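Have a look at input-v1.cif below; it lists mmCIF, C-alpha atoms.
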```cif
data_structure
#
loop_
_atom_site.label_atom_id
_atom_site.label_comp_id
_atom_site.auth_asym_id
_atom_site.auth_seq_id
_atom_site.Cartn_x
_atom_site.Cartn_y
_atom_site.Cartn_z
CA MET J 1 3.50 18.24 2.25
CA ASN J 2 6.74 17.50 0.43
CA SER J 3 6.61 15.75 -2.93
CA ILE J 4 9.58 14.43 -4.86
CA VAL J 5 10.38 11.91 -7.59
CA THR J 6 13.73 10.29 -6.92
CA GLN J 7 15.67 7.16 -7.87
CA ILE J 8 15.45 3.96 -5.85
CA ASP J 9 18.00 1.75 -7.55
CA GLU J 10 17.22 2.41 -11.22
CA PHE J 11 13.52 3.10 -10.68
CA PRO J 12 12.05 6.61 -10.42
CA THR J 13 9.77 6.68 -7.37
CA HIS J 14 7.24 9.25 -6.18
CA ILE J 15 7.59 9.99 -2.46
CA LEU J 16 5.32 12.14 -0.29
CA SER J 17 6.28 13.24 3.21
CA TYR J 18 4.77 15.18 6.09
CA GLY J 19 6.76 16.63 8.96
CA ALA J 20 10.17 16.29 7.27
CA SER J 21 11.65 16.17 3.79
CA ILE J 22 13.37 13.18 2.25
CA SER J 23 16.70 15.02 2.58
CA GLU J 24 16.23 14.92 6.37
CA SER J 25 15.10 11.30 6.56
CA ARG J 26 18.44 9.78 7.64
CA HIS J 27 18.72 12.17 10.58
CA LEU J 28 15.39 11.44 12.27
CA GLN J 29 14.89 9.55 15.52
CA ARG J 30 11.46 8.21 14.59
CA VAL J 31 9.55 7.78 11.32
CA ILE J 32 6.36 6.28 9.95
CA ILE J 33 6.38 4.72 6.47
CA MET J 34 3.13 4.29 4.55
CA ILE J 35 2.93 1.36 2.13
CA PRO J 36 -0.12 1.59 -0.14
CA GLY J 37 -2.52 -1.01 -1.42
CA ASN J 38 -3.28 -1.62 -5.08
CA PRO J 39 -3.64 0.72 -6.98
CA GLY J 40 -0.49 1.99 -5.33
CA CYS J 41 -0.34 5.69 -6.13
CA ILE J 42 0.63 7.46 -2.90
CA HIS J 43 -1.64 10.43 -3.66
CA PHE J 44 -4.59 8.35 -2.43
CA TYR J 45 -3.08 8.48 1.06
CA GLU J 46 -2.34 12.22 1.27
CA GLU J 47 -5.08 13.05 3.76
CA PHE J 48 -4.41 9.96 5.89
CA MET J 49 -0.67 10.71 6.07
CA ALA J 50 -1.29 14.37 6.92
CA HIS J 51 -3.62 13.47 9.80
CA LEU J 52 -1.27 10.74 11.04
CA ASN J 53 1.60 13.23 11.16
CA GLU J 54 -0.62 15.71 12.99
CA GLN J 55 -1.83 13.12 15.51
CA THR J 56 1.58 11.60 16.28
CA GLY J 57 4.02 14.46 15.70
CA THR J 58 6.15 11.94 13.81
CA PRO J 59 7.37 12.47 10.23
CA VAL J 60 5.42 10.31 7.79
CA PHE J 61 6.85 9.11 4.48
CA GLY J 62 4.92 7.29 1.78
CA LEU J 63 5.96 5.96 -1.61
CA SER J 64 4.06 4.76 -4.64
CA HIS J 65 4.55 1.26 -5.95
CA SER J 66 6.87 0.95 -8.94
CA GLY J 67 4.94 1.66 -12.12
CA HIS J 68 1.75 2.85 -10.38
CA ASP J 69 2.35 6.60 -10.39
CA TRP J 70 2.22 8.76 -13.51
CA LYS J 71 4.68 11.27 -12.04
CA ALA J 72 7.38 8.61 -11.88
CA LEU J 73 6.56 7.27 -15.35
CA THR J 74 6.48 10.62 -17.12
CA GLY J 75 8.96 12.79 -15.19
CA THR J 76 12.51 13.72 -16.09
CA LEU J 77 13.88 10.66 -14.26
CA ARG J 78 11.82 8.16 -16.26
CA SER J 79 13.86 5.22 -17.51
CA ARG J 80 13.64 2.70 -20.31
CA VAL J 81 12.97 0.03 -17.72
CA MET J 82 9.98 1.94 -16.31
CA ALA J 83 8.62 2.50 -19.81
CA SER J 84 8.56 -1.19 -20.70
CA GLU J 85 8.53 -3.34 -17.54
CA VAL J 86 5.69 -4.41 -15.31
CA PHE J 87 6.47 -5.16 -11.67
CA ASN J 88 5.36 -8.21 -9.72
CA LEU J 89 4.66 -8.48 -6.00
CA GLU J 90 8.16 -9.66 -5.07
CA GLN J 91 9.69 -6.69 -6.90
CA GLN J 92 7.41 -4.33 -4.99
CA VAL J 93 8.64 -5.83 -1.70
CA GLU J 94 12.25 -5.36 -2.82
CA HIS J 95 11.44 -1.78 -3.81
CA LYS J 96 10.27 -0.94 -0.26
CA CYS J 97 13.33 -2.61 1.30
CA ARG J 98 15.62 -0.57 -0.97
CA PHE J 99 13.77 2.62 -0.02
CA ILE J 100 14.44 1.96 3.67
CA GLN J 101 18.08 1.09 3.06
CA GLN J 102 18.57 4.25 1.01
CA PHE J 103 16.69 6.79 3.12
CA ILE J 104 16.32 5.50 6.71
CA SER J 105 19.18 5.05 9.19
CA PRO J 106 19.47 1.74 11.07
CA GLY J 107 19.07 3.48 14.45
CA THR J 108 15.78 5.18 13.51
CA GLN J 109 12.68 3.89 15.29
CA THR J 110 10.55 2.89 12.32
CA HIS J 111 6.83 2.14 12.20
CA LEU J 112 5.16 0.78 9.08
CA VAL J 113 1.55 1.24 8.05
CA GLY J 114 0.32 -1.05 5.29
CA HIS J 115 -3.07 -0.98 3.62
CA SER J 116 -4.52 -4.07 1.94
CA ILE J 117 -1.66 -5.74 0.00
CA GLY J 118 0.58 -3.16 1.67
CA GLY J 119 0.04 -5.19 4.85
CA TYR J 120 1.45 -8.27 3.15
CA ILE J 121 4.41 -6.21 1.94
CA CYS J 122 4.99 -4.99 5.51
CA THR J 123 5.36 -8.56 6.79
CA LYS J 124 7.91 -9.33 4.07
CA VAL J 125 9.85 -6.13 4.78
CA ILE J 126 10.04 -6.95 8.51
CA ASP J 127 11.20 -10.49 7.74
CA TYR J 128 13.82 -9.24 5.27
CA PHE J 129 15.48 -6.93 7.78
CA ASP J 130 15.19 -9.43 10.62
CA HIS J 131 17.37 -11.76 8.55
CA SER J 132 19.76 -9.16 7.15
CA ASP J 133 22.98 -7.79 8.64
CA SER J 134 21.97 -4.16 8.05
CA GLY J 135 21.28 -3.45 11.73
CA PHE J 136 17.85 -2.10 10.77
CA ARG J 137 14.75 -3.30 12.62
CA VAL J 138 11.09 -2.41 12.20
CA GLU J 139 9.62 -1.38 15.55
CA HIS J 140 5.98 -2.12 14.73
CA ALA J 141 3.65 -2.46 11.75
CA TYR J 142 -0.04 -1.62 11.52
CA LEU J 143 -1.82 -3.68 8.88
CA MET J 144 -5.09 -2.07 7.83
CA MET J 145 -7.59 -4.42 6.14
CA PRO J 146 -4.65 -6.70 5.32
CA THR J 147 -4.73 -9.12 2.40
CA ILE J 148 -2.23 -11.61 3.79
CA GLU J 149 -3.98 -14.87 2.90
CA ARG J 150 -6.43 -16.57 0.50
CA MET J 151 -7.00 -13.57 -1.72
CA ALA J 152 -8.51 -15.58 -4.58
CA GLU J 153 -10.99 -17.18 -2.14
CA SER J 154 -12.23 -13.87 -0.74
CA PRO J 155 -15.57 -12.52 -2.04
CA GLU J 156 -13.86 -9.79 -4.06
CA GLY J 157 -11.18 -12.21 -5.23
CA ARG J 158 -13.73 -14.72 -6.52
CA SER J 159 -15.60 -12.01 -8.43
CA LYS J 160 -12.49 -10.50 -10.03
CA VAL J 161 -10.02 -13.33 -10.51
CA GLY J 162 -11.45 -14.36 -13.90
CA ILE J 163 -11.47 -10.81 -15.24
CA ILE J 164 -7.95 -10.04 -14.05
CA ARG J 165 -6.41 -13.29 -15.25
CA THR J 166 -8.35 -13.82 -18.48
CA PHE J 167 -9.34 -10.38 -19.76
CA ARG J 168 -6.43 -8.25 -18.56
CA TRP J 169 -5.19 -7.58 -22.08
CA LEU J 170 -8.67 -6.71 -23.33
CA VAL J 171 -9.09 -4.23 -20.46
CA LEU J 172 -5.75 -2.64 -21.36
CA LEU J 173 -6.69 -2.41 -25.04
CA LEU J 174 -9.97 -0.67 -24.21
CA HIS J 175 -8.20 1.61 -21.75
CA CYS J 176 -5.61 2.56 -24.36
CA MET J 177 -8.36 3.43 -26.83
CA LEU J 178 -10.26 5.55 -24.29
CA SER J 179 -7.15 7.35 -23.08
CA THR J 180 -6.31 8.21 -26.69
CA LEU J 181 -9.80 9.52 -27.48
CA LEU J 182 -10.72 11.32 -24.26
CA PRO J 183 -8.92 14.12 -22.36
CA GLN J 184 -7.43 13.11 -19.02
CA ARG J 185 -9.79 15.43 -17.14
CA LEU J 186 -12.86 13.62 -18.48
CA LEU J 187 -11.38 10.22 -17.65
CA VAL J 188 -10.65 11.31 -14.08
CA GLU J 189 -14.19 12.63 -13.68
CA ALA J 190 -15.64 9.40 -15.06
CA ILE J 191 -13.59 7.24 -12.69
CA SER J 192 -14.43 9.56 -9.78
CA ARG J 193 -18.15 9.10 -10.40
CA ARG J 194 -17.72 5.35 -10.78
CA GLU J 195 -15.92 5.23 -7.41
CA ASN J 196 -18.29 7.80 -5.85
CA SER J 197 -15.17 9.57 -4.63
CA ARG J 198 -14.60 13.01 -3.20
CA GLY J 199 -11.55 15.08 -2.44
CA ALA J 200 -8.93 16.63 -4.70
CA TYR J 201 -6.23 14.32 -3.34
CA PHE J 202 -8.25 11.29 -4.40
CA LYS J 203 -8.57 12.67 -7.93
CA ARG J 204 -4.80 13.17 -7.97
CA GLY J 205 -4.51 9.44 -7.28
CA LEU J 206 -7.06 8.60 -9.94
CA ALA J 207 -5.05 10.60 -12.49
CA SER J 208 -2.52 7.75 -12.58
CA LEU J 209 -5.29 5.41 -13.70
CA THR J 210 -5.68 7.42 -16.91
CA TYR J 211 -2.23 6.16 -18.01
CA THR J 212 -2.32 2.73 -19.64
CA ARG J 213 1.18 1.89 -18.36
CA CYS J 214 0.02 2.49 -14.77
CA VAL J 215 -3.12 0.39 -15.28
CA SER J 216 -0.99 -2.37 -16.77
CA ASN J 217 1.13 -2.45 -13.62
CA VAL J 218 -1.95 -2.34 -11.36
CA LEU J 219 -3.53 -5.32 -13.13
CA TYR J 220 -0.29 -7.31 -13.39
CA MET J 221 0.39 -6.87 -9.69
CA ALA J 222 -3.24 -7.81 -8.87
CA SER J 223 -2.88 -11.00 -10.92
CA ASP J 224 0.33 -11.83 -9.06
CA GLU J 225 -1.35 -11.17 -5.69
CA LEU J 226 -4.22 -13.52 -6.48
CA ARG J 227 -1.72 -16.22 -7.44
CA LEU J 228 0.78 -15.82 -4.60
CA VAL J 229 -1.20 -14.65 -1.56
CA ASP J 230 -2.81 -17.98 -0.72
CA ARG J 231 -2.06 -19.97 2.39
CA LEU J 232 -1.12 -17.95 5.45
CA ASP J 233 2.62 -17.95 6.09
CA HIS J 234 2.23 -19.27 9.61
CA GLN J 235 5.94 -19.48 10.37
CA LEU J 236 6.58 -15.89 9.28
CA LEU J 237 3.56 -14.54 11.15
CA CYS J 238 4.45 -16.30 14.40
CA GLY J 239 7.93 -14.80 14.33
CA ILE J 240 6.79 -11.20 13.96
CA LEU J 241 3.29 -11.17 15.51
CA PRO J 242 4.31 -9.27 18.68
CA ARG J 243 5.25 -6.36 16.39
CA LEU J 244 1.99 -6.37 14.43
CA THR J 245 -1.43 -4.82 14.81
CA LEU J 246 -4.00 -6.16 12.35
CA TYR J 247 -7.26 -4.34 11.74
CA TYR J 248 -10.25 -5.84 9.95
CA THR J 249 -13.69 -4.40 9.29
CA PRO J 250 -17.04 -6.18 8.83
CA GLY J 251 -18.23 -6.51 5.25
CA ASP J 252 -14.75 -6.25 3.74
CA GLY J 253 -14.68 -8.26 0.51
CA TRP J 254 -10.88 -8.50 0.33
CA ALA J 255 -10.03 -9.14 4.00
CA PRO J 256 -13.18 -10.91 5.22
CA GLU J 257 -14.36 -10.97 8.82
CA LYS J 258 -14.01 -14.78 8.68
CA TYR J 259 -10.25 -14.47 8.20
CA CYS J 260 -10.06 -12.16 11.21
CA THR J 261 -11.98 -14.44 13.57
CA GLU J 262 -9.91 -17.44 12.49
CA LEU J 263 -6.71 -15.53 13.29
CA GLN J 264 -8.11 -14.39 16.63
CA ARG J 265 -8.82 -18.01 17.61
CA ARG J 266 -5.40 -19.15 16.43
CA PHE J 267 -3.49 -16.27 18.09
CA PRO J 268 -5.58 -15.16 21.10
CA ASP J 269 -2.79 -13.00 22.59
CA ALA J 270 -2.11 -11.03 19.39
CA ARG J 271 -3.52 -7.59 18.62
CA ILE J 272 -5.97 -8.59 15.92
CA VAL J 273 -8.91 -6.19 15.87
CA LEU J 274 -12.32 -6.54 14.24
CA GLY J 275 -13.47 -2.94 14.17
CA ASP J 276 -16.99 -1.57 14.46
CA HIS J 277 -16.22 1.88 13.05
CA GLY J 278 -17.96 1.44 9.71
CA PHE J 279 -14.82 1.84 7.61
CA SER J 280 -14.75 0.37 4.12
CA HIS J 281 -11.78 -1.43 2.61
CA GLN J 282 -11.12 1.74 0.60
CA PHE J 283 -10.98 3.85 3.76
CA VAL J 284 -8.83 6.62 2.25
CA ASP J 285 -11.76 8.05 0.31
CA ARG J 286 -13.98 8.96 3.27
CA HIS J 287 -12.38 7.97 6.57
CA SER J 288 -8.73 9.04 6.39
CA LYS J 289 -8.93 11.19 9.53
CA GLU J 290 -10.71 8.57 11.64
CA VAL J 291 -8.34 5.77 10.63
CA ALA J 292 -5.33 8.04 11.31
CA GLN J 293 -6.68 8.72 14.81
CA LEU J 294 -7.06 4.99 15.38
CA VAL J 295 -3.52 4.17 14.26
CA ALA J 296 -2.13 7.06 16.33
CA SER J 297 -3.87 5.72 19.44
CA TRP J 298 -2.27 2.31 18.89
CA MET J 299 1.15 3.88 18.46
CA LYS J 300 0.86 5.48 21.88
CA THR J 301 0.29 2.08 23.48
CA THR J 302 3.08 0.34 21.55
CA ASP J 303 5.49 3.08 22.65
CA CYS J 304 4.71 2.46 26.33
#
```

Since I need it in another form, could you write the structure as structure tokens?
Amino acid sequence: MNSIVTQIDEFPTHILSYGASISESRHLQRVIIMIPGNPGCIHFYEEFMAHLNEQTGTPVFGLSHSGHDWKALTGTLRSRVMASEVFNLEQQVEHKCRFIQQFISPGTQTHLVGHSIGGYICTKVIDYFDHSDSGFRVEHAYLMMPTIERMAESPEGRSKVGIIRTFRWLVLLLHCMLSTLLPQRLLVEAISRRENSRGAYFKRGLASLTYTRCVSNVLYMASDELRLVDRLDHQLLCGILPRLTLYYTPGDGWAPEKYCTELQRRFPDARIVLGDHGFSHQFVDRHSKEVAQLVASWMKTTDC
């Protein structure tokens, strides 16, 4: 694994890579780019990215969302902007487009993997480059448990929309108090138990949630998602659907089975999969290897 904090425009960004370093990224024939969900610290996806690289033999790069990773907020490259600004969903899309422009050559065969809201971001990234004169084109995108429509109407959205929109500042105040009183190690352990998580890599991701600035960005982005991700962008989806694989799982509270079956009826020729593998929406905690194997198997068929 290679880990680096570098500038994308004026924003320090934490990047993880497997199979190649970021200094080699513009000289590769084929790459996979991982776009996280929310919270968007790339450490959560370490195990998934490692297995995906192993299964495909393709270098895998992943980057945290702006403001979601403590290493970017506290490192030597931290900026005044990062210390004071919170980033909305549109800015996170722009951030991923700038990453590609800065580190990936136009001729590189590029696959995207997006988890949850990362799937929505993937669709916007594809659309951006399809309408730009950069010469860059996304080969295919794999949207895992994608939140691309009606987020506030989903079971999880309905249960959390009031808290996120109304009590966000109270949550941040309480978090600030706790983070001041308790050592980071104890906070990480408390969150780990709350999430019933396992794995050192997952705790490295949770470490970002002990920083109030990171939590502020997580909640602000979540509020923006619930406001903006509403009606399906039918025109956009139709234009890029041949280059998408969408994967849903039963019982998912953010990307419900109902949304999947509606899409399957509307687009019967598209690769829209309702899985029976028992994965949860937060698959990176317990099923990173299995999901990596699944995505790798799809990549073999899309390459044919």

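Atom pair atom CA of Val5 of chain J / atom CA of Gly119 of chain J has a distance of 23.5 Å (rounded to one decimal).
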
Might you spell out which residues the PyMOL selection byres ((chain J and resi 126) around 12) would select in the displayed file, as a PyMOL selection string?
chain J and resi 93-94+96-97+100+110-114+119-125+127-132+136-142+236-237+239-244

What's the separation between atom CA of Gly62 of chain J and atom CA of Tyr259 of chain J, in Å to one decimal place?
27.3 Å

For this structure, which residues satisfy the selection - the PyMOL selection byres ((chain J and resi 151) around 12) - when it is evaluated on the file as given? I want them as a PyMOL selection string.
chain J and resi 116-117+120+146-150+152-161+222-232+252-256+259

For Met144 of chain J, the nearest of the candidates J:Thr166, J:Ser25, J:Thr301, J:Ser288, counting all atoms listed in the file:
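Answer, going by the shortest atom-to-atom distance: J:Ser288.
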
Resolved residues for the PyMOL selection byres ((chain J and resi 39-41) around 8) as a PyMOL selection string:
chain J and resi 36-38+42-44+63-65+68-69+205+208+218

Please list as a PyMOL selection string every residue within 8 Å of segment 291-295 of chain J, counting only C-alpha atoms and excluding residues in the same chain fewer than 5 positions away.
chain J and resi 48-49+51-52+55+142+283

Would you mind reading off the distance between atom CA of Leu73 of chain J and atom CA of Ile15 of chain J, one decimal, in Å?
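Taking atom CA of Leu73 of chain J as the start and atom CA of Ile15 of chain J as the end point, the length is 13.2 Å.
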
Because the input lacks atoms here, generate N, CA and C atoms for segment 38-58 of chain J and report them as a PDB file, in the coordinates of the input.
```pdb
ATOM      1  N   ASN J  38      -3.309  -1.575  -3.621  1.00  0.00           N
ATOM      2  CA  ASN J  38      -3.280  -1.620  -5.080  1.00  0.00           C
ATOM      3  C   ASN J  38      -4.645  -1.164  -5.605  1.00  0.00           C
ATOM      4  N   PRO J  39      -4.697  -0.080  -6.370  1.00  0.00           N
ATOM      5  CA  PRO J  39      -3.640   0.720  -6.980  1.00  0.00           C
ATOM      6  C   PRO J  39      -2.752   1.402  -5.934  1.00  0.00           C
ATOM      7  N   GLY J  40      -1.477   1.531  -6.300  1.00  0.00           N
ATOM      8  CA  GLY J  40      -0.490   1.990  -5.330  1.00  0.00           C
ATOM      9  C   GLY J  40       0.068   3.364  -5.579  1.00  0.00           C
ATOM     10  N   CYS J  41      -0.777   4.305  -6.024  1.00  0.00           N
ATOM     11  CA  CYS J  41      -0.340   5.690  -6.130  1.00  0.00           C
ATOM     12  C   CYS J  41      -0.468   6.350  -4.761  1.00  0.00           C
ATOM     13  N   ILE J  42       0.592   6.932  -4.267  1.00  0.00           N
ATOM     14  CA  ILE J  42       0.630   7.460  -2.900  1.00  0.00           C
ATOM     15  C   ILE J  42      -0.298   8.653  -2.715  1.00  0.00           C
ATOM     16  N   HIS J  43      -0.719   9.300  -3.792  1.00  0.00           N
ATOM     17  CA  HIS J  43      -1.640  10.430  -3.660  1.00  0.00           C
ATOM     18  C   HIS J  43      -2.938  10.040  -2.957  1.00  0.00           C
ATOM     19  N   PHE J  44      -3.374   8.796  -3.101  1.00  0.00           N
ATOM     20  CA  PHE J  44      -4.590   8.350  -2.430  1.00  0.00           C
ATOM     21  C   PHE J  44      -4.499   8.514  -0.911  1.00  0.00           C
ATOM     22  N   TYR J  45      -3.287   8.508  -0.390  1.00  0.00           N
ATOM     23  CA  TYR J  45      -3.080   8.480   1.060  1.00  0.00           C
ATOM     24  C   TYR J  45      -2.669   9.837   1.632  1.00  0.00           C
ATOM     25  N   GLU J  46      -2.754  10.886   0.818  1.00  0.00           N
ATOM     26  CA  GLU J  46      -2.340  12.220   1.270  1.00  0.00           C
ATOM     27  C   GLU J  46      -3.022  12.622   2.575  1.00  0.00           C
ATOM     28  N   GLU J  47      -4.336  12.578   2.591  1.00  0.00           N
ATOM     29  CA  GLU J  47      -5.080  13.050   3.760  1.00  0.00           C
ATOM     30  C   GLU J  47      -4.790  12.180   4.977  1.00  0.00           C
ATOM     31  N   PHE J  48      -4.723  10.868   4.790  1.00  0.00           N
ATOM     32  CA  PHE J  48      -4.410   9.960   5.890  1.00  0.00           C
ATOM     33  C   PHE J  48      -3.028  10.256   6.471  1.00  0.00           C
ATOM     34  N   MET J  49      -2.037  10.430   5.615  1.00  0.00           N
ATOM     35  CA  MET J  49      -0.670  10.710   6.070  1.00  0.00           C
ATOM     36  C   MET J  49      -0.593  12.045   6.801  1.00  0.00           C
ATOM     37  N   ALA J  50      -1.300  13.048   6.286  1.00  0.00           N
ATOM     38  CA  ALA J  50      -1.290  14.370   6.920  1.00  0.00           C
ATOM     39  C   ALA J  50      -1.872  14.295   8.327  1.00  0.00           C
ATOM     40  N   HIS J  51      -2.994  13.594   8.476  1.00  0.00           N
ATOM     41  CA  HIS J  51      -3.620  13.470   9.800  1.00  0.00           C
ATOM     42  C   HIS J  51      -2.763  12.618  10.738  1.00  0.00           C
ATOM     43  N   LEU J  52      -2.120  11.591  10.203  1.00  0.00           N
ATOM     44  CA  LEU J  52      -1.270  10.740  11.040  1.00  0.00           C
ATOM     45  C   LEU J  52      -0.073  11.532  11.567  1.00  0.00           C
ATOM     46  N   ASN J  53       0.506  12.356  10.726  1.00  0.00           N
ATOM     47  CA  ASN J  53       1.600  13.230  11.160  1.00  0.00           C
ATOM     48  C   ASN J  53       1.122  14.207  12.230  1.00  0.00           C
ATOM     49  N   GLU J  54      -0.058  14.759  12.034  1.00  0.00           N
ATOM     50  CA  GLU J  54      -0.620  15.710  12.990  1.00  0.00           C
ATOM     51  C   GLU J  54      -0.923  15.044  14.330  1.00  0.00           C
ATOM     52  N   GLN J  55      -1.441  13.826  14.282  1.00  0.00           N
ATOM     53  CA  GLN J  55      -1.830  13.120  15.510  1.00  0.00           C
ATOM     54  C   GLN J  55      -0.633  12.607  16.300  1.00  0.00           C
ATOM     55  N   THR J  56       0.436  12.233  15.606  1.00  0.00           N
ATOM     56  CA  THR J  56       1.580  11.600  16.280  1.00  0.00           C
ATOM     57  C   THR J  56       2.765  12.528  16.477  1.00  0.00           C
ATOM     58  N   GLY J  57       2.843  13.598  15.671  1.00  0.00           N
ATOM     59  CA  GLY J  57       4.020  14.460  15.700  1.00  0.00           C
ATOM     60  C   GLY J  57       5.249  13.808  15.110  1.00  0.00           C
ATOM     61  N   THR J  58       5.049  12.704  14.405  1.00  0.00           N
ATOM     62  CA  THR J  58       6.150  11.940  13.810  1.00  0.00           C
ATOM     63  C   THR J  58       6.154  12.130  12.295  1.00  0.00           C
TER      64      THR J  58
END
```
